[in-house]
>>> print(open('model.cif').read())   # mmCIF, C-alpha atoms
data_structure
loop_
_atom_site.label_atom_id
_atom_site.label_comp_id
_atom_site.auth_asym_id
_atom_site.auth_seq_id
_atom_site.Cartn_x
_atom_site.Cartn_y
_atom_site.Cartn_z
CA MET A 1 13.07 63.28 -2.07
CA ARG A 2 10.71 66.05 -3.11
CA ARG A 3 13.25 68.65 -2.10
CA GLU A 4 15.82 66.94 -4.31
CA GLY A 5 13.44 67.34 -7.25
CA ALA A 6 11.67 63.98 -7.25
CA ASP A 7 7.96 63.22 -7.13
CA PRO A 8 7.93 60.39 -4.58
CA ASP A 9 5.14 58.02 -3.70
CA TYR A 10 4.72 55.05 -1.37
CA VAL A 11 4.24 51.56 -2.77
CA TRP A 12 2.81 48.84 -0.52
CA HIS A 13 4.94 45.69 -0.25
CA GLY A 14 1.94 43.59 -1.21
CA ASP A 15 1.45 45.46 -4.49
CA ALA A 16 2.89 43.95 -7.63
CA ASP A 17 3.04 47.21 -9.54
CA LEU A 18 5.44 50.13 -9.13
CA ARG A 19 3.05 52.44 -11.00
CA GLY A 20 5.60 53.64 -13.51
CA ALA A 21 8.29 54.68 -11.02
CA ASP A 22 11.67 55.65 -12.47
CA ALA A 23 13.47 54.48 -9.34
CA VAL A 24 12.84 52.64 -6.09
CA ILE A 25 14.10 53.13 -2.55
CA LEU A 26 13.75 50.22 -0.17
CA PRO A 27 13.82 51.97 3.19
CA GLY A 28 15.16 50.73 6.48
CA GLY A 29 13.22 49.40 9.43
CA PHE A 30 12.22 45.83 10.15
CA ALA A 31 10.06 43.35 8.25
CA HIS A 32 8.39 40.08 9.29
CA GLY A 33 10.31 40.24 12.57
CA ASP A 34 13.43 39.68 10.47
CA TYR A 35 13.01 36.04 11.49
CA LEU A 36 15.33 33.46 9.95
CA ARG A 37 17.60 36.22 8.58
CA THR A 38 17.15 39.94 8.03
CA GLY A 39 15.37 40.48 4.74
CA ALA A 40 14.97 36.74 4.09
CA ILE A 41 11.17 36.83 4.16
CA ALA A 42 10.70 40.38 2.83
CA ARG A 43 12.58 39.52 -0.33
CA PHE A 44 9.62 37.33 -1.33
CA SER A 45 7.15 40.24 -1.00
CA PRO A 46 4.95 40.56 -4.10
CA VAL A 47 6.50 43.94 -4.94
CA MET A 48 9.99 42.45 -5.21
CA ASP A 49 9.40 40.96 -8.67
CA ALA A 50 8.72 44.46 -9.97
CA VAL A 51 11.79 45.80 -8.12
CA ALA A 52 13.94 43.08 -9.72
CA GLY A 53 12.45 43.95 -13.12
CA LEU A 54 13.29 47.62 -12.68
CA ALA A 55 16.79 46.73 -11.51
CA SER A 56 17.47 44.51 -14.51
CA ALA A 57 16.21 47.30 -16.79
CA GLY A 58 19.03 49.47 -15.43
CA ALA A 59 16.88 51.82 -13.35
CA PRO A 60 18.15 53.14 -10.01
CA VAL A 61 17.36 51.00 -6.98
CA LEU A 62 18.63 52.02 -3.55
CA GLY A 63 18.29 49.87 -0.43
CA ILE A 64 18.91 51.49 2.93
CA CYS A 65 19.69 49.37 6.01
CA ASN A 66 16.93 46.72 6.07
CA GLY A 67 16.44 47.61 2.41
CA PHE A 68 20.08 46.67 1.78
CA GLN A 69 19.56 43.40 3.62
CA ILE A 70 16.52 42.68 1.42
CA LEU A 71 18.46 43.49 -1.78
CA ALA A 72 21.25 41.15 -0.68
CA GLU A 73 18.82 38.33 0.10
CA ALA A 74 17.22 38.90 -3.31
CA HIS A 75 20.70 38.72 -4.93
CA LEU A 76 20.16 42.14 -6.50
CA VAL A 77 23.42 43.19 -4.85
CA PRO A 78 26.13 40.57 -4.16
CA GLY A 79 26.97 39.33 -0.68
CA ALA A 80 25.30 39.02 2.69
CA LEU A 81 24.99 40.97 5.95
CA ARG A 82 25.99 39.16 9.11
CA ARG A 83 25.78 40.17 12.75
CA ASN A 84 28.08 43.00 13.70
CA GLU A 85 31.54 41.86 14.70
CA GLY A 86 31.12 43.05 18.30
CA LEU A 87 27.63 41.50 18.58
CA ARG A 88 26.24 44.91 19.51
CA PHE A 89 23.37 46.81 17.98
CA LEU A 90 24.98 50.00 16.68
CA CYS A 91 23.16 53.32 16.65
CA THR A 92 25.77 55.96 16.00
CA TRP A 93 27.17 58.49 13.57
CA THR A 94 29.71 57.26 11.06
CA ASP A 95 32.08 58.99 8.69
CA LEU A 96 31.96 57.57 5.20
CA GLU A 97 34.26 57.94 2.27
CA VAL A 98 33.04 57.75 -1.32
CA VAL A 99 34.93 54.97 -3.10
CA ASP A 100 33.19 54.42 -6.44
CA THR A 101 31.55 57.44 -8.09
CA ASP A 102 29.96 55.46 -10.90
CA THR A 103 26.86 54.31 -9.00
CA ILE A 104 23.35 55.73 -8.63
CA ALA A 105 24.11 56.73 -5.02
CA THR A 106 27.45 58.42 -5.65
CA ARG A 107 26.96 60.11 -8.99
CA GLY A 108 28.22 63.68 -8.77
CA LEU A 109 30.20 63.01 -5.61
CA GLU A 110 33.96 62.93 -5.54
CA LYS A 111 36.17 59.95 -4.84
CA GLY A 112 37.39 60.27 -1.27
CA GLN A 113 34.64 62.74 -0.35
CA ARG A 114 33.66 62.42 3.32
CA LEU A 115 30.02 62.11 4.40
CA ARG A 116 28.68 62.05 7.95
CA ILE A 117 25.71 59.67 8.02
CA PRO A 118 24.34 57.56 10.93
CA ILE A 119 23.95 53.80 11.16
CA ASN A 120 21.34 51.90 13.14
CA HIS A 121 21.68 48.13 12.81
CA TYR A 122 22.67 44.77 14.28
CA GLU A 123 23.35 42.94 11.00
CA GLY A 124 25.61 45.23 9.00
CA ASN A 125 28.74 43.13 8.76
CA TYR A 126 29.04 42.97 4.99
CA THR A 127 30.44 39.74 3.56
CA PRO A 128 31.01 39.27 -0.18
CA PRO A 129 30.38 35.99 -1.99
CA GLU A 130 33.43 33.72 -1.80
CA GLY A 131 36.12 34.87 -4.20
CA ALA A 132 34.16 37.93 -5.36
CA GLU A 133 35.21 41.57 -5.08
CA PRO A 134 31.99 43.58 -5.31
CA ARG A 135 31.96 47.28 -6.07
CA VAL A 136 32.17 49.38 -2.93
CA ALA A 137 30.25 52.65 -3.20
CA PHE A 138 31.01 53.91 0.33
CA ARG A 139 33.43 52.74 2.98
CA TYR A 140 33.52 53.50 6.69
CA VAL A 141 36.50 55.57 7.76
CA ASP A 142 36.45 53.57 11.03
CA ASN A 143 34.97 50.12 10.63
CA PRO A 144 32.14 49.82 13.18
CA ASN A 145 30.85 46.33 12.39
CA GLY A 146 33.56 44.18 10.81
CA ALA A 147 32.42 44.73 7.23
CA TRP A 148 34.70 43.43 4.46
CA GLN A 149 36.94 46.26 3.21
CA ASN A 150 35.05 48.65 5.53
CA ALA A 151 32.17 48.48 3.02
CA ALA A 152 29.21 50.62 4.10
CA GLY A 153 27.50 50.44 0.71
CA VAL A 154 27.98 48.16 -2.27
CA ALA A 155 26.72 48.17 -5.84
CA ASN A 156 25.88 45.54 -8.40
CA ASP A 157 28.18 45.26 -11.43
CA ALA A 158 26.15 47.78 -13.42
CA GLY A 159 26.15 50.32 -10.58
CA ASN A 160 22.38 50.90 -10.78
CA VAL A 161 21.54 48.92 -7.64
CA VAL A 162 23.13 50.08 -4.40
CA GLY A 163 22.66 48.82 -0.87
CA MET A 164 23.95 50.85 2.07
CA MET A 165 23.73 50.36 5.83
CA PRO A 166 23.97 54.09 6.76
CA HIS A 167 20.75 56.12 6.65
CA PRO A 168 21.09 59.13 4.30
CA GLU A 169 17.51 60.19 5.10
CA ARG A 170 18.50 60.65 8.74
CA ALA A 171 21.23 63.07 7.69
CA SER A 172 19.02 65.30 5.61
CA GLU A 173 18.59 68.37 7.85
CA SER A 174 21.15 70.43 9.72
CA TRP A 175 19.07 70.03 12.90
CA LEU A 176 19.43 66.26 12.55
CA GLY A 177 23.17 66.76 12.84
CA SER A 178 24.16 66.48 9.19
CA GLU A 179 22.84 67.23 5.74
CA ASP A 180 25.31 64.97 3.96
CA GLY A 181 22.66 62.36 3.25
CA ARG A 182 21.00 64.77 0.86
CA LEU A 183 23.97 64.36 -1.48
CA VAL A 184 23.19 60.66 -1.75
CA LEU A 185 19.48 61.26 -2.33
CA ALA A 186 20.24 63.98 -4.87
CA SER A 187 22.56 61.57 -6.64
CA LEU A 188 19.70 59.09 -6.94
CA VAL A 189 17.41 61.74 -8.42
CA GLU A 190 20.09 62.85 -10.86
CA SER A 191 20.58 59.20 -11.85
CA CYS A 192 16.86 59.00 -12.69
CA ARG A 193 17.23 61.92 -15.05
CA VAL A 194 20.13 60.22 -16.78
CA THR A 195 18.57 56.77 -17.05
CA THR A 196 15.12 57.97 -18.16
CA ARG A 197 16.69 60.20 -20.80
CA ALA A 198 18.65 57.26 -22.19
CA MET B 1 4.02 0.68 2.89
CA SER B 2 5.56 1.60 -0.45
CA SER B 3 2.74 0.25 -2.59
CA ASN B 4 1.74 2.31 -5.62
CA GLY B 5 0.07 5.59 -4.80
CA SER B 6 1.20 5.58 -1.19
CA ARG B 7 2.57 8.72 0.38
CA VAL B 8 5.37 9.10 2.84
CA LYS B 9 5.58 11.58 5.65
CA ALA B 10 8.86 12.55 7.17
CA ILE B 11 10.31 14.92 9.69
CA ALA B 12 13.15 16.95 8.21
CA ARG B 13 15.89 18.05 10.57
CA ILE B 14 17.97 20.83 9.12
CA ASP B 15 21.18 22.27 10.48
CA VAL B 16 22.29 25.64 9.13
CA MET B 17 25.83 26.70 10.01
CA LEU B 18 28.12 29.50 8.94
CA LYS B 19 30.55 28.22 6.32
CA PRO B 20 33.99 27.24 7.70
CA GLY B 21 35.71 30.32 6.25
CA ILE B 22 33.24 32.75 7.82
CA SER B 23 34.13 33.90 11.31
CA ASP B 24 31.53 32.79 13.83
CA VAL B 25 31.46 35.61 16.35
CA GLN B 26 28.80 33.96 18.51
CA GLY B 27 30.81 30.76 18.67
CA GLN B 28 33.91 32.69 19.69
CA VAL B 29 32.07 34.48 22.49
CA VAL B 30 30.63 31.22 23.80
CA GLU B 31 34.07 29.61 23.59
CA ARG B 32 35.67 32.43 25.57
CA SER B 33 33.01 32.09 28.28
CA LEU B 34 33.48 28.39 28.94
CA PRO B 35 36.85 28.42 30.76
CA ALA B 36 35.45 30.85 33.33
CA MET B 37 32.89 28.18 34.19
CA GLY B 38 35.57 25.58 34.65
CA TRP B 39 35.47 23.91 31.23
CA GLU B 40 38.88 24.59 29.85
CA ASN B 41 39.21 21.77 27.32
CA VAL B 42 36.72 23.12 24.76
CA SER B 43 37.61 24.55 21.36
CA ASP B 44 36.06 25.16 17.93
CA VAL B 45 32.67 26.26 19.24
CA ARG B 46 30.26 27.08 16.45
CA VAL B 47 26.72 28.39 16.80
CA GLY B 48 24.13 27.63 14.15
CA LYS B 49 20.45 27.09 13.61
CA HIS B 50 18.38 23.93 13.80
CA LEU B 51 15.06 23.76 11.98
CA GLU B 52 12.50 20.97 11.97
CA LEU B 53 9.55 20.55 9.70
CA VAL B 54 7.23 17.82 8.45
CA VAL B 55 6.84 17.13 4.74
CA GLU B 56 4.68 14.70 2.85
CA GLY B 57 5.16 13.37 -0.67
CA ALA B 58 5.74 10.47 -3.01
CA SER B 59 9.08 9.25 -1.65
CA LEU B 60 11.84 10.13 0.76
CA GLU B 61 14.12 10.95 -2.19
CA VAL B 62 11.64 13.42 -3.62
CA LEU B 63 11.15 15.02 -0.20
CA LYS B 64 14.88 15.31 0.43
CA GLU B 65 15.32 17.05 -2.91
CA GLN B 66 12.48 19.42 -2.06
CA VAL B 67 13.88 20.31 1.37
CA GLU B 68 17.31 20.93 -0.15
CA LYS B 69 15.72 23.29 -2.68
CA MET B 70 13.99 25.07 0.20
CA CYS B 71 17.37 25.45 1.90
CA GLU B 72 19.00 26.84 -1.24
CA ALA B 73 16.21 29.34 -1.88
CA PHE B 74 15.20 30.39 1.59
CA LEU B 75 16.15 28.49 4.74
CA ALA B 76 19.89 29.10 4.36
CA ASN B 77 21.80 31.96 2.78
CA THR B 78 24.39 30.02 0.84
CA VAL B 79 26.62 33.07 0.49
CA ILE B 80 27.60 32.60 4.13
CA GLU B 81 25.86 29.44 5.36
CA SER B 82 25.94 25.73 4.64
CA TYR B 83 23.15 23.31 5.49
CA ALA B 84 22.66 19.62 6.18
CA VAL B 85 19.34 17.84 5.85
CA GLU B 86 18.23 14.59 7.50
CA LEU B 87 14.86 13.00 6.88
CA GLU B 88 13.20 10.51 9.16
CA PRO B 89 9.95 8.80 8.09
CA ILE B 90 7.11 9.15 10.57
#
>>> encode(input="model.cif", output="structure tokens")
Amino acid sequence: MRREGADPDYVWHGDADLRGADAVILPGGFAHGDYLRTGAIARFSPVMDAVAGLASAGAPVLGICNGFQILAEAHLVPGALRRNEGLRFLCTWTDLEVVDTDTIATRGLEKGQRLRIPINHYEGNYTPPEGAEPRVAFRYVDNPNGAWQNAAGVANDAGNVVGMMPHPERASESWLGSEDGRLVLASLVESCRVTTRA
Amino acid sequence: MSSNGSRVKAIARIDVMLKPGISDVQGQVVERSLPAMGWENVSDVRVGKHLELVVEGASLEVLKEQVEKMCEAFLANTVIESYAVELEPI
């Protein structure tokens, strides 16, 4: 994030204060054993009230993998993430296509632009609320997990909260196999500039 | 037992299932496995979760309402799951 021009800091999940952050990234990983459902317990972390406050103020919030699952459980992005269609944990590279360029994760990218970013999850099968058609920020070129409309990342209506299963941070160096993830992170930083100026 | 000021204690049995319109991949895999074991007359297999917990309060009605709120907020994800609650006094 620093390389993209941001001044990042860690915030503990038990803290209630985001210390004046312009944006928040909920990273991937696991939380509370992901018992009951992925993200179901983490969404009640003390810090989540502040994240919801920042989201409703229009600031950029990006959830990656488990972070996406937490955002979905917190209803900050619509829908839910179910077990992958093939009931396999997937750890692999995926090719993504930018669908909606009016979100904090796709600002400055082009519609149809291809990004090579890896996934690493068991519950990535995106399912929208019944009758809803959420905004898709990224779609998989080849659907790995059964996600509705190949959705790899979705946004809230305002476009300032995005959840994505692929890990842009793991595609941030050429020696990792791809630098395409940097475009997503740079988009987030650029979105901060726009929203804090406004 | 229900005199003024008394409390009731109940065991809540909660079933959480994927909603009918949501494909149940686990159920399908289980269903496909059964004929190989000789059970060929089985269909519509669905896999869900069963939770049990004990609650205490003023009345069974109040407790049922509370457990349903717990399901809405936390125990089920109503985007994809439905739930059923049964309370039994203990």
>>> residues_near_point(input="model.cif", point="(14.7, 10.8, -2.3)", cutoff="12 Å", atoms="all atoms listed in the file", output="JSON, numbers by chain")
{"B": [8, 10, 56, 57, 58, 59, 60, 61, 62, 63, 64, 65, 66, 67, 68, 85, 86, 87, 88, 89]}
>>> resolve_selection(input="model.cif", expression="the PyMOL selection byres ((chain A and resi 132) around 12)", output="NGL selection string")
(:A and (77-79 or 127-131 or 133-136 or 148 or 156-157)) or (:B and (79))
>>> atom_distance(input="model.cif", atom1="atom CA of Glu4 of chain A", atom2="atom CA of Glu110 of chain A")
18.6 Å
>>> residues_around(input="model.cif", residues="segment 53-58 of chain A", least_positions_apart="3", cutoff="7 Å", atoms="all atoms listed in the file", output="ChimeraX atom specification")
/A:49-50,61,160-161
>>> closest_residue(input="model.cif", among="A:Ala80, A:Ala40, A:Val184, A:Leu26", to="Leu18 of chain B", atoms="only C-alpha atoms")
A:Ala80
>>> closest_residue(input="model.cif", among="A:Asp15, A:Glu73, A:Asp102, A:Glu85", to="Ser23 of chain B", atoms="all atoms listed in the file")
A:Glu85
>>> resolve_selection(input="model.cif", expression="the PyMOL selection byres ((chain A and resi 83) around 7)", output="list of chain:residue names")
A:Leu81, A:Arg82, A:Asn84, A:Glu85, A:Leu87, A:Tyr122, A:Glu123, A:Gly124, A:Asn125
>>> decode(input="model.cif", residues="segment 49-82 of chain B", atoms="C-alpha atoms", output="CSV table (one decimal), in the first residue's frame")
chain,number,residue,atom,x,y,z
B,49,LYS,CA,-27.1,-27.6,10.6
B,50,HIS,CA,-28.6,-28.5,14.0
B,51,LEU,CA,-28.0,-26.3,17.0
B,52,GLU,CA,-29.1,-26.8,20.6
B,53,LEU,CA,-28.9,-24.3,23.4
B,54,VAL,CA,-30.6,-23.7,26.7
B,55,VAL,CA,-32.3,-20.4,27.5
B,56,GLU,CA,-34.0,-19.1,30.5
B,57,GLY,CA,-36.6,-16.3,30.8
B,58,ALA,CA,-40.1,-15.2,31.7
B,59,SER,CA,-42.1,-17.4,29.3
B,60,LEU,CA,-41.7,-19.8,26.4
B,61,GLU,CA,-43.2,-17.2,24.1
B,62,VAL,CA,-40.6,-14.6,25.1
B,63,LEU,CA,-37.8,-17.2,24.7
B,64,LYS,CA,-39.0,-18.3,21.3
B,65,GLU,CA,-39.0,-14.7,20.1
B,66,GLN,CA,-35.5,-14.3,21.5
B,67,VAL,CA,-34.1,-17.4,19.8
B,68,GLU,CA,-35.7,-16.3,16.5
B,69,LYS,CA,-34.0,-13.0,16.8
B,70,MET,CA,-30.7,-14.8,17.4
B,71,CYS,CA,-31.3,-16.8,14.3
B,72,GLU,CA,-32.1,-13.7,12.2
B,73,ALA,CA,-29.0,-11.8,13.5
B,74,PHE,CA,-26.4,-14.5,13.8
B,75,LEU,CA,-27.2,-18.2,13.8
B,76,ALA,CA,-28.6,-18.3,10.3
B,77,ASN,CA,-27.7,-16.2,7.2
B,78,THR,CA,-31.1,-15.5,5.9
B,79,VAL,CA,-29.8,-14.5,2.5
B,80,ILE,CA,-29.3,-18.2,1.8
B,81,GLU,CA,-30.6,-20.1,4.8
B,82,SER,CA,-33.9,-20.7,6.6
